[in-house]
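See below for input20.tsv, which holds TSV, C-alpha atoms and all ligand atoms.
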```tsv
chain	number	residue	atom	x	y	z
A	1	MET	CA	145.73	84.49	138.69
A	2	THR	CA	149.45	83.93	138.29
A	3	GLN	CA	150.95	80.56	138.98
A	4	ASP	CA	153.11	81.74	141.87
A	5	LEU	CA	149.99	82.43	143.93
A	6	PHE	CA	149.51	78.67	144.09
A	7	ASP	CA	153.05	77.91	145.17
A	8	THR	CA	153.45	76.31	148.55
A	9	HIS	CA	156.25	77.96	150.48
A	10	GLU	CA	158.77	75.88	152.36
A	11	ASP	CA	157.08	76.64	155.67
A	12	GLY	CA	153.76	75.25	154.44
A	13	ARG	CA	152.10	78.56	153.62
A	14	LEU	CA	150.05	78.78	150.47
A	15	ARG	CA	149.08	82.09	148.98
A	16	LEU	CA	145.56	82.60	147.59
A	17	GLY	CA	145.75	86.37	147.07
A	18	ASP	CA	147.65	89.48	148.14
A	19	GLN	CA	146.17	89.15	151.64
A	20	ALA	CA	144.77	85.60	151.59
A	21	PHE	CA	146.69	82.59	152.82
A	22	VAL	CA	146.46	78.95	153.82
A	23	LEU	CA	148.47	78.00	156.89
A	24	ARG	CA	148.87	74.27	156.48
A	25	GLY	CA	148.42	72.29	159.67
A	26	LEU	CA	148.59	75.30	162.01
A	27	ALA	CA	145.76	73.90	164.18
A	28	ARG	CA	146.74	70.23	164.01
A	29	ASP	CA	148.55	70.02	167.35
A	30	ARG	CA	145.72	71.83	169.10
A	31	ALA	CA	142.88	69.89	167.48
A	32	GLY	CA	142.03	67.86	170.60
A	33	ALA	CA	141.54	70.97	172.74
A	34	LEU	CA	139.63	72.74	169.98
A	35	LEU	CA	137.23	69.82	169.52
A	36	GLU	CA	136.67	69.54	173.25
A	37	ALA	CA	135.79	73.24	173.31
A	38	VAL	CA	133.43	72.79	170.36
A	39	ALA	CA	131.67	69.91	172.13
A	40	THR	CA	131.19	72.08	175.23
A	41	VAL	CA	129.68	74.88	173.13
A	42	ALA	CA	127.39	72.46	171.30
A	43	ARG	CA	126.02	71.10	174.59
A	44	CYS	CA	124.63	74.58	175.38
A	45	ALA	CA	123.91	75.74	171.85
A	46	PRO	CA	123.25	72.65	169.70
A	47	LEU	CA	124.20	72.43	166.05
A	48	ARG	CA	121.15	73.07	163.89
A	49	ARG	CA	120.31	73.50	160.21
A	50	MET	CA	119.04	77.03	159.67
A	51	GLN	CA	116.50	78.30	157.16
A	52	THR	CA	117.60	80.67	154.41
A	53	PRO	CA	115.60	83.83	153.68
A	54	GLY	CA	114.49	82.05	150.49
A	55	GLY	CA	112.94	79.22	152.51
A	56	TYR	CA	115.57	76.52	152.00
A	57	THR	CA	117.16	74.52	154.79
A	58	MET	CA	120.95	74.87	154.77
A	59	SER	CA	122.87	71.62	154.40
A	60	VAL	CA	125.54	72.80	156.88
A	61	ALA	CA	124.57	72.51	160.57
A	62	MET	CA	125.63	75.55	162.59
A	63	THR	CA	126.04	76.99	166.03
A	64	ASN	CA	128.08	79.86	167.49
A	65	CYS	CA	130.15	81.01	170.41
A	66	GLY	CA	131.25	84.51	171.31
A	67	VAL	CA	129.42	87.73	172.00
A	68	LEU	CA	127.66	87.58	168.64
A	69	GLY	CA	126.38	84.65	166.62
A	70	TRP	CA	125.50	84.47	162.94
A	71	THR	CA	121.97	83.29	162.24
A	72	SER	CA	119.69	82.93	159.27
A	73	ASP	CA	115.94	82.56	159.05
A	74	ARG	CA	113.07	83.65	156.81
A	75	ARG	CA	113.66	87.27	157.85
A	76	GLY	CA	117.29	87.36	156.70
A	77	TYR	CA	120.90	86.89	157.81
A	78	ARG	CA	122.19	88.72	160.85
A	79	TYR	CA	124.38	88.65	163.94
A	80	ALA	CA	122.59	88.43	167.26
A	81	PRO	CA	123.77	88.20	170.89
A	82	VAL	CA	121.16	85.55	171.74
A	83	ASP	CA	120.66	82.00	170.44
A	84	PRO	CA	117.13	81.95	168.98
A	85	LEU	CA	116.73	78.29	170.02
A	86	SER	CA	117.25	78.91	173.73
A	87	GLY	CA	116.71	82.65	174.15
A	88	GLN	CA	120.07	82.65	176.01
A	89	PRO	CA	123.32	84.40	175.06
A	90	TRP	CA	125.62	82.31	172.85
A	91	PRO	CA	128.24	80.45	174.93
A	92	PRO	CA	131.45	82.44	175.49
A	93	MET	CA	134.31	81.85	173.08
A	94	PRO	CA	136.63	79.31	174.72
A	95	PRO	CA	140.19	80.69	175.14
A	96	PRO	CA	141.89	78.00	172.98
A	97	LEU	CA	139.69	79.05	170.05
A	98	ARG	CA	140.29	82.75	170.55
A	99	ARG	CA	144.05	82.20	170.86
A	100	LEU	CA	144.28	80.14	167.68
A	101	ALA	CA	142.38	82.77	165.69
A	102	ALA	CA	144.62	85.57	166.99
A	103	ASP	CA	147.80	83.55	166.35
A	104	ALA	CA	146.77	82.71	162.77
A	105	ALA	CA	145.81	86.31	161.97
A	106	ALA	CA	149.02	87.70	163.48
A	107	ALA	CA	151.11	85.20	161.49
A	108	ARG	CA	149.78	86.69	158.26
A	109	GLY	CA	149.94	90.41	159.01
A	110	PHE	CA	146.74	91.01	160.98
A	111	ALA	CA	148.06	91.68	164.47
A	112	GLY	CA	145.56	92.43	167.23
A	113	PHE	CA	142.67	90.41	165.76
A	114	GLU	CA	139.98	90.12	168.43
A	115	PRO	CA	137.09	88.09	167.07
A	116	ASP	CA	133.73	88.55	168.76
A	117	ALA	CA	132.02	85.81	166.75
A	118	CYS	CA	132.92	82.20	166.03
A	119	LEU	CA	130.58	80.35	163.69
A	120	ILE	CA	130.84	76.57	164.03
A	121	ASN	CA	129.91	74.71	160.83
A	122	GLU	CA	129.35	70.95	160.72
A	123	TYR	CA	129.61	69.20	157.35
A	124	ARG	CA	128.70	65.60	156.56
A	125	PRO	CA	129.14	63.68	153.30
A	126	GLY	CA	127.35	65.59	150.55
A	127	THR	CA	127.14	68.83	152.54
A	128	ARG	CA	128.15	71.88	150.50
A	129	LEU	CA	128.29	75.62	150.96
A	130	ALA	CA	127.36	77.78	147.98
A	131	LEU	CA	129.64	80.62	146.91
A	132	HIS	CA	129.00	83.68	149.07
A	133	GLN	CA	130.68	86.75	150.53
A	134	ASP	CA	130.99	87.33	154.27
A	135	ARG	CA	129.44	90.78	154.44
A	136	ASP	CA	127.13	90.82	157.45
A	137	GLU	CA	129.91	92.24	159.65
A	138	ARG	CA	129.89	95.90	160.59
A	139	ASP	CA	133.27	96.75	159.13
A	140	PHE	CA	135.62	94.85	156.90
A	141	ALA	CA	138.92	95.97	158.45
A	142	ALA	CA	139.35	92.72	160.39
A	143	PRO	CA	140.26	89.51	158.56
A	144	ILE	CA	138.42	86.21	158.53
A	145	VAL	CA	140.10	83.17	160.06
A	146	SER	CA	138.74	79.77	159.08
A	147	VAL	CA	139.88	76.50	160.68
A	148	SER	CA	139.30	73.04	159.19
A	149	LEU	CA	138.98	69.93	161.37
A	150	GLY	CA	138.04	66.36	160.46
A	151	MET	CA	137.27	65.23	156.92
A	152	ASP	CA	138.98	66.78	153.92
A	153	ALA	CA	137.12	69.38	151.89
A	154	VAL	CA	137.65	71.42	148.76
A	155	PHE	CA	137.37	75.11	149.59
A	156	LEU	CA	136.55	77.37	146.66
A	157	PHE	CA	138.16	80.79	146.64
A	158	GLY	CA	136.70	83.09	144.03
A	159	GLY	CA	136.94	86.73	143.05
A	160	HIS	CA	134.94	89.85	143.84
A	161	ALA	CA	132.07	88.94	141.52
A	162	ARG	CA	129.92	85.86	141.93
A	163	GLY	CA	130.70	84.76	138.38
A	164	ASP	CA	134.51	84.97	138.74
A	165	ARG	CA	136.25	81.64	138.46
A	166	ALA	CA	136.91	80.13	141.88
A	167	MET	CA	140.12	78.27	142.61
A	168	PRO	CA	139.75	74.88	144.30
A	169	VAL	CA	141.83	74.67	147.48
A	170	PRO	CA	141.99	71.23	149.13
A	171	LEU	CA	141.86	71.64	152.91
A	172	THR	CA	142.72	69.00	155.42
A	173	HIS	CA	142.51	68.55	159.20
A	174	GLY	CA	144.34	71.39	160.96
A	175	ASP	CA	144.58	73.77	158.00
A	176	VAL	CA	143.76	77.44	158.63
A	177	VAL	CA	142.78	79.99	155.98
A	178	VAL	CA	143.19	83.72	156.65
A	179	TRP	CA	141.81	86.36	154.31
A	180	GLY	CA	141.45	90.10	154.83
A	181	GLY	CA	142.35	93.52	153.48
A	182	VAL	CA	141.97	93.64	149.70
A	183	ASP	CA	140.77	90.01	149.74
A	184	ARG	CA	138.24	90.43	152.58
A	185	LEU	CA	135.17	90.29	150.32
A	186	ARG	CA	136.24	87.49	147.97
A	187	PHE	CA	133.48	84.97	147.17
A	188	HIS	CA	134.10	81.55	148.68
A	189	GLY	CA	132.34	78.24	149.28
A	190	VAL	CA	132.85	74.52	149.83
A	191	ARG	CA	132.31	71.67	147.34
A	192	PRO	CA	130.08	68.76	148.41
A	193	LEU	CA	132.12	66.63	150.80
A	194	ARG	CA	133.20	63.11	149.90
A	195	ASP	CA	132.81	60.44	152.55
A	196	ILE	CA	136.36	59.66	153.58
A	197	PRO	CA	136.07	59.25	157.36
A	198	HIS	CA	138.64	60.98	159.54
A	199	PRO	CA	140.26	59.17	162.52
A	200	LEU	CA	139.13	61.81	165.04
A	201	LEU	CA	135.76	62.90	163.66
A	202	GLY	CA	134.54	60.04	161.45
A	203	SER	CA	132.31	61.23	158.63
A	204	ARG	CA	132.25	64.83	159.79
A	205	ARG	CA	134.08	68.04	159.11
A	206	ILE	CA	134.01	70.93	161.59
A	207	ASN	CA	134.88	74.40	160.37
A	208	LEU	CA	135.40	77.32	162.73
A	209	THR	CA	135.02	80.77	161.20
A	210	PHE	CA	136.23	83.68	163.33
A	211	ARG	CA	135.13	87.22	162.60
A	212	LYS	CA	134.90	90.65	164.11
A	213	ALA	CA	131.20	91.22	163.57
A	214	GLY	CA	130.16	94.06	165.84
B	301	LIG	C1	132.28	79.67	155.56
B	301	LIG	O1	132.51	80.29	154.54
B	301	LIG	O2	131.51	80.13	156.42
B	301	LIG	C2	132.90	78.31	155.83
B	301	LIG	C3	134.03	77.90	154.96
B	301	LIG	C4	134.50	76.49	155.27
B	301	LIG	O3	133.73	75.67	155.77
B	301	LIG	O4	135.67	76.17	154.98
B	302	FE2	FE	131.91	82.42	154.52
```

Rewrite the structure from the file as structure tokens, please.
Ligand code: SIN
Ligand code: FE2
Amino acid sequence: MTQDLFDTHEDGRLRLGDQAFVLRGLARDRAGALLEAVATVARCAPLRRMQTPGGYTMSVAMTNCGVLGWTSDRRGYRYAPVDPLSGQPWPPMPPPLRRLAADAAAARGFAGFEPDACLINEYRPGTRLALHQDRDERDFAAPIVSVSLGMDAVFLFGGHARGDRAMPVPLTHGDVVVWGGVDRLRFHGVRPLRDIPHPLLGSRRINLTFRKAG
């Protein structure tokens, strides 16, 4: 990885790869509306810690909105139109969320992004997310847009093999990461969170991950 990939541009953009970028603070002004929308979703489809196929309980609590939701249980990972907790469709994706995802994607060369799935991840102190690829989607033409709210976290952005060295990327409230194209299948994860409470969310971090799944 050459040093210039880490350079922050004057407009607050940070480059992680040929088609992978951090947009510093893009969501900051809209955070109130986004969090209100998340709370509305979570009233219908509560955050829950899912089981992995290997029988572990994930440390991240999750829920979804949109036509499809990502779920995990002993039978595997998959997208499904129905919340297994309620038997009801996942709540619709609130317009402020959809708009932010489309704006972020368009700003970095992915015009016309129409996510059908928004995974909502809730982290608390000590919560981590192991390195993984997002590969449960039907095609990989659309990018991934990932929005950070609340406590700071260190995002890990790796290569195309699990063992490739991952670069640590500190993310703060309002930052948005977009990766697609040649970088669409890069391994990524999140280091265990430190407990530095955030004024809006206290000891929590909310991450929104937008994808075109179906
Ligand atoms: C994810 O990979 O699903 C979430 C990444 C993050 O929380 O920043
Ligand atoms: Fe992911």

Which protein, DNA or RNA residues are at most 9 Å from (117.2, 85.2, 156.1) in the file's coordinates when you count only C-alpha atoms, listed as a VMD selection string? chain A and resid 51 to 55 71 to 78

Would you tabulate, counting only C-alpha atoms and all ligand atoms, all residues of chain A that have an atom at most 7 Å from an atom of ligand FE2 302 (chain B), showing the closest pair of atoms and their distance in Å to one decimal, sorted by chain then ascending number, as a Markdown table?
```
| residue | atom | partner | partner_atom | distance |
| --- | --- | --- | --- | --- |
| A:His132 | CA | B:FE2_302 | FE | 6.3 |
| A:Gln133 | CA | B:FE2_302 | FE | 6.0 |
| A:Asp134 | CA | B:FE2_302 | FE | 5.0 |
| A:His188 | CA | B:FE2_302 | FE | 6.3 |
| A:Gly189 | CA | B:FE2_302 | FE | 6.7 |
```

Please identify all protein, DNA and RNA residues within 7 Å of ligand LIG 301 (chain B), counting all atoms listed in the file, and report them as a PyMOL selection string. chain A and resi 121+146+148+155+188-190+207+209

Which residues come within 6 Å of stretch 18-26 of chain A, counting only C-alpha atoms, excluding same-chain residues fewer than 5 positions away, as number ranges by chain? A: 12-13, 174-180, 183

Pull C-alpha atoms from the residues just selected and write them as a PDB file, in the coordinates of the input.
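Produced file selection-v7.pdb, reproduced below:
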```
ATOM      1  CA  GLY A  12     153.760  75.250 154.440  1.00  0.00           C
ATOM      2  CA  ARG A  13     152.100  78.560 153.620  1.00  0.00           C
ATOM      3  CA  GLY A 174     144.340  71.390 160.960  1.00  0.00           C
ATOM      4  CA  ASP A 175     144.580  73.770 158.000  1.00  0.00           C
ATOM      5  CA  VAL A 176     143.760  77.440 158.630  1.00  0.00           C
ATOM      6  CA  VAL A 177     142.780  79.990 155.980  1.00  0.00           C
ATOM      7  CA  VAL A 178     143.190  83.720 156.650  1.00  0.00           C
ATOM      8  CA  TRP A 179     141.810  86.360 154.310  1.00  0.00           C
ATOM      9  CA  GLY A 180     141.450  90.100 154.830  1.00  0.00           C
ATOM     10  CA  ASP A 183     140.770  90.010 149.740  1.00  0.00           C
TER      11      ASP A 183
END
```

Provide an axis-aligned box for all listed atoms of stretch 70-76 of chain A, padding each side by 6 Å; report its centre and its edge lengths in Å to one decimal, as lines of an AutoDock Vina configuration file.
```
center_x = 119.3
center_y = 85.0
center_z = 159.8
size_x = 24.4
size_y = 16.8
size_z = 18.2
```

Would you save stretch 18-58 of chain A to a file, keeping N, CA and C atoms, as a short mmCIF file (atom, residue, chain, number, x, y, z; two decimals), in the first residue's frame?
```cif
data_model
loop_
_atom_site.label_atom_id
_atom_site.label_comp_id
_atom_site.auth_asym_id
_atom_site.auth_seq_id
_atom_site.Cartn_x
_atom_site.Cartn_y
_atom_site.Cartn_z
N ASP A 18 -8.35 1.85 -4.70
CA ASP A 18 -8.72 2.48 -5.97
C ASP A 18 -10.18 2.92 -5.96
N GLN A 19 -11.04 2.10 -5.34
CA GLN A 19 -12.47 2.42 -5.30
C GLN A 19 -13.02 2.29 -3.88
N ALA A 20 -12.23 2.73 -2.92
CA ALA A 20 -12.62 2.67 -1.50
C ALA A 20 -12.23 3.98 -0.83
N PHE A 21 -13.17 4.59 -0.14
CA PHE A 21 -12.99 5.95 0.36
C PHE A 21 -13.67 6.15 1.72
N VAL A 22 -13.08 7.04 2.52
CA VAL A 22 -13.76 7.55 3.70
C VAL A 22 -14.22 8.97 3.38
N LEU A 23 -15.48 9.25 3.65
CA LEU A 23 -15.99 10.61 3.52
C LEU A 23 -16.20 11.14 4.94
N ARG A 24 -15.21 11.90 5.38
CA ARG A 24 -15.23 12.37 6.77
C ARG A 24 -16.43 13.27 7.03
N GLY A 25 -17.22 12.89 8.05
CA GLY A 25 -18.27 13.78 8.53
C GLY A 25 -19.46 13.98 7.61
N LEU A 26 -19.55 13.19 6.53
CA LEU A 26 -20.64 13.40 5.57
C LEU A 26 -22.02 13.31 6.23
N ALA A 27 -22.16 12.45 7.24
CA ALA A 27 -23.47 12.22 7.86
C ALA A 27 -23.68 13.06 9.12
N ARG A 28 -22.69 13.88 9.48
CA ARG A 28 -22.76 14.53 10.80
C ARG A 28 -23.98 15.44 10.94
N ASP A 29 -24.23 16.25 9.92
CA ASP A 29 -25.36 17.19 10.01
C ASP A 29 -26.70 16.48 10.03
N ARG A 30 -26.73 15.27 9.50
CA ARG A 30 -28.02 14.56 9.41
C ARG A 30 -28.18 13.52 10.52
N ALA A 31 -27.24 13.51 11.48
CA ALA A 31 -27.22 12.42 12.46
C ALA A 31 -28.51 12.34 13.27
N GLY A 32 -29.08 13.50 13.63
CA GLY A 32 -30.30 13.48 14.44
C GLY A 32 -31.42 12.75 13.72
N ALA A 33 -31.63 13.09 12.46
CA ALA A 33 -32.70 12.45 11.67
C ALA A 33 -32.40 10.96 11.47
N LEU A 34 -31.14 10.64 11.26
CA LEU A 34 -30.78 9.23 11.05
C LEU A 34 -31.06 8.42 12.31
N LEU A 35 -30.69 8.97 13.46
CA LEU A 35 -30.88 8.23 14.72
C LEU A 35 -32.35 8.09 15.07
N GLU A 36 -33.13 9.12 14.74
CA GLU A 36 -34.58 9.01 14.95
C GLU A 36 -35.15 7.87 14.10
N ALA A 37 -34.69 7.81 12.85
CA ALA A 37 -35.16 6.75 11.94
C ALA A 37 -34.74 5.37 12.47
N VAL A 38 -33.53 5.28 12.98
CA VAL A 38 -33.05 4.00 13.53
C VAL A 38 -33.91 3.59 14.72
N ALA A 39 -34.25 4.55 15.58
CA ALA A 39 -35.08 4.23 16.75
C ALA A 39 -36.45 3.73 16.31
N THR A 40 -37.00 4.32 15.27
CA THR A 40 -38.31 3.88 14.76
C THR A 40 -38.22 2.44 14.24
N VAL A 41 -37.16 2.15 13.50
CA VAL A 41 -36.97 0.78 12.99
C VAL A 41 -36.86 -0.20 14.16
N ALA A 42 -36.06 0.18 15.16
CA ALA A 42 -35.78 -0.75 16.26
C ALA A 42 -37.00 -1.00 17.15
N ARG A 43 -37.98 -0.09 17.09
CA ARG A 43 -39.22 -0.35 17.84
C ARG A 43 -39.99 -1.51 17.21
N CYS A 44 -39.94 -1.63 15.90
CA CYS A 44 -40.64 -2.73 15.19
C CYS A 44 -39.78 -3.99 15.11
N ALA A 45 -38.51 -3.79 14.88
CA ALA A 45 -37.59 -4.92 14.68
C ALA A 45 -36.41 -4.70 15.64
N PRO A 46 -36.53 -5.19 16.87
CA PRO A 46 -35.54 -4.87 17.90
C PRO A 46 -34.13 -5.35 17.56
N LEU A 47 -33.15 -4.63 18.05
CA LEU A 47 -31.77 -5.08 17.96
C LEU A 47 -31.64 -6.39 18.73
N ARG A 48 -30.89 -7.32 18.15
CA ARG A 48 -30.70 -8.63 18.79
C ARG A 48 -29.34 -9.18 18.41
N ARG A 49 -28.79 -10.01 19.29
CA ARG A 49 -27.50 -10.65 19.00
C ARG A 49 -27.78 -12.00 18.37
N MET A 50 -27.30 -12.16 17.12
CA MET A 50 -27.61 -13.36 16.35
C MET A 50 -26.58 -14.46 16.62
N GLN A 51 -26.99 -15.69 16.32
CA GLN A 51 -26.09 -16.84 16.42
C GLN A 51 -25.31 -16.97 15.12
N THR A 52 -24.07 -17.40 15.22
CA THR A 52 -23.31 -17.72 14.00
C THR A 52 -23.57 -19.18 13.65
N PRO A 53 -23.28 -19.54 12.39
CA PRO A 53 -23.45 -20.96 12.02
C PRO A 53 -22.61 -21.88 12.90
N GLY A 54 -21.50 -21.35 13.43
CA GLY A 54 -20.64 -22.15 14.30
C GLY A 54 -21.14 -22.26 15.73
N GLY A 55 -22.25 -21.58 16.05
CA GLY A 55 -22.84 -21.70 17.37
C GLY A 55 -22.45 -20.62 18.36
N TYR A 56 -21.70 -19.60 17.90
CA TYR A 56 -21.37 -18.49 18.78
C TYR A 56 -22.45 -17.42 18.73
N THR A 57 -22.51 -16.61 19.77
CA THR A 57 -23.39 -15.44 19.75
C THR A 57 -22.55 -14.23 19.33
N MET A 58 -22.98 -13.51 18.32
CA MET A 58 -22.23 -12.34 17.86
C MET A 58 -22.21 -11.27 18.93
#
```
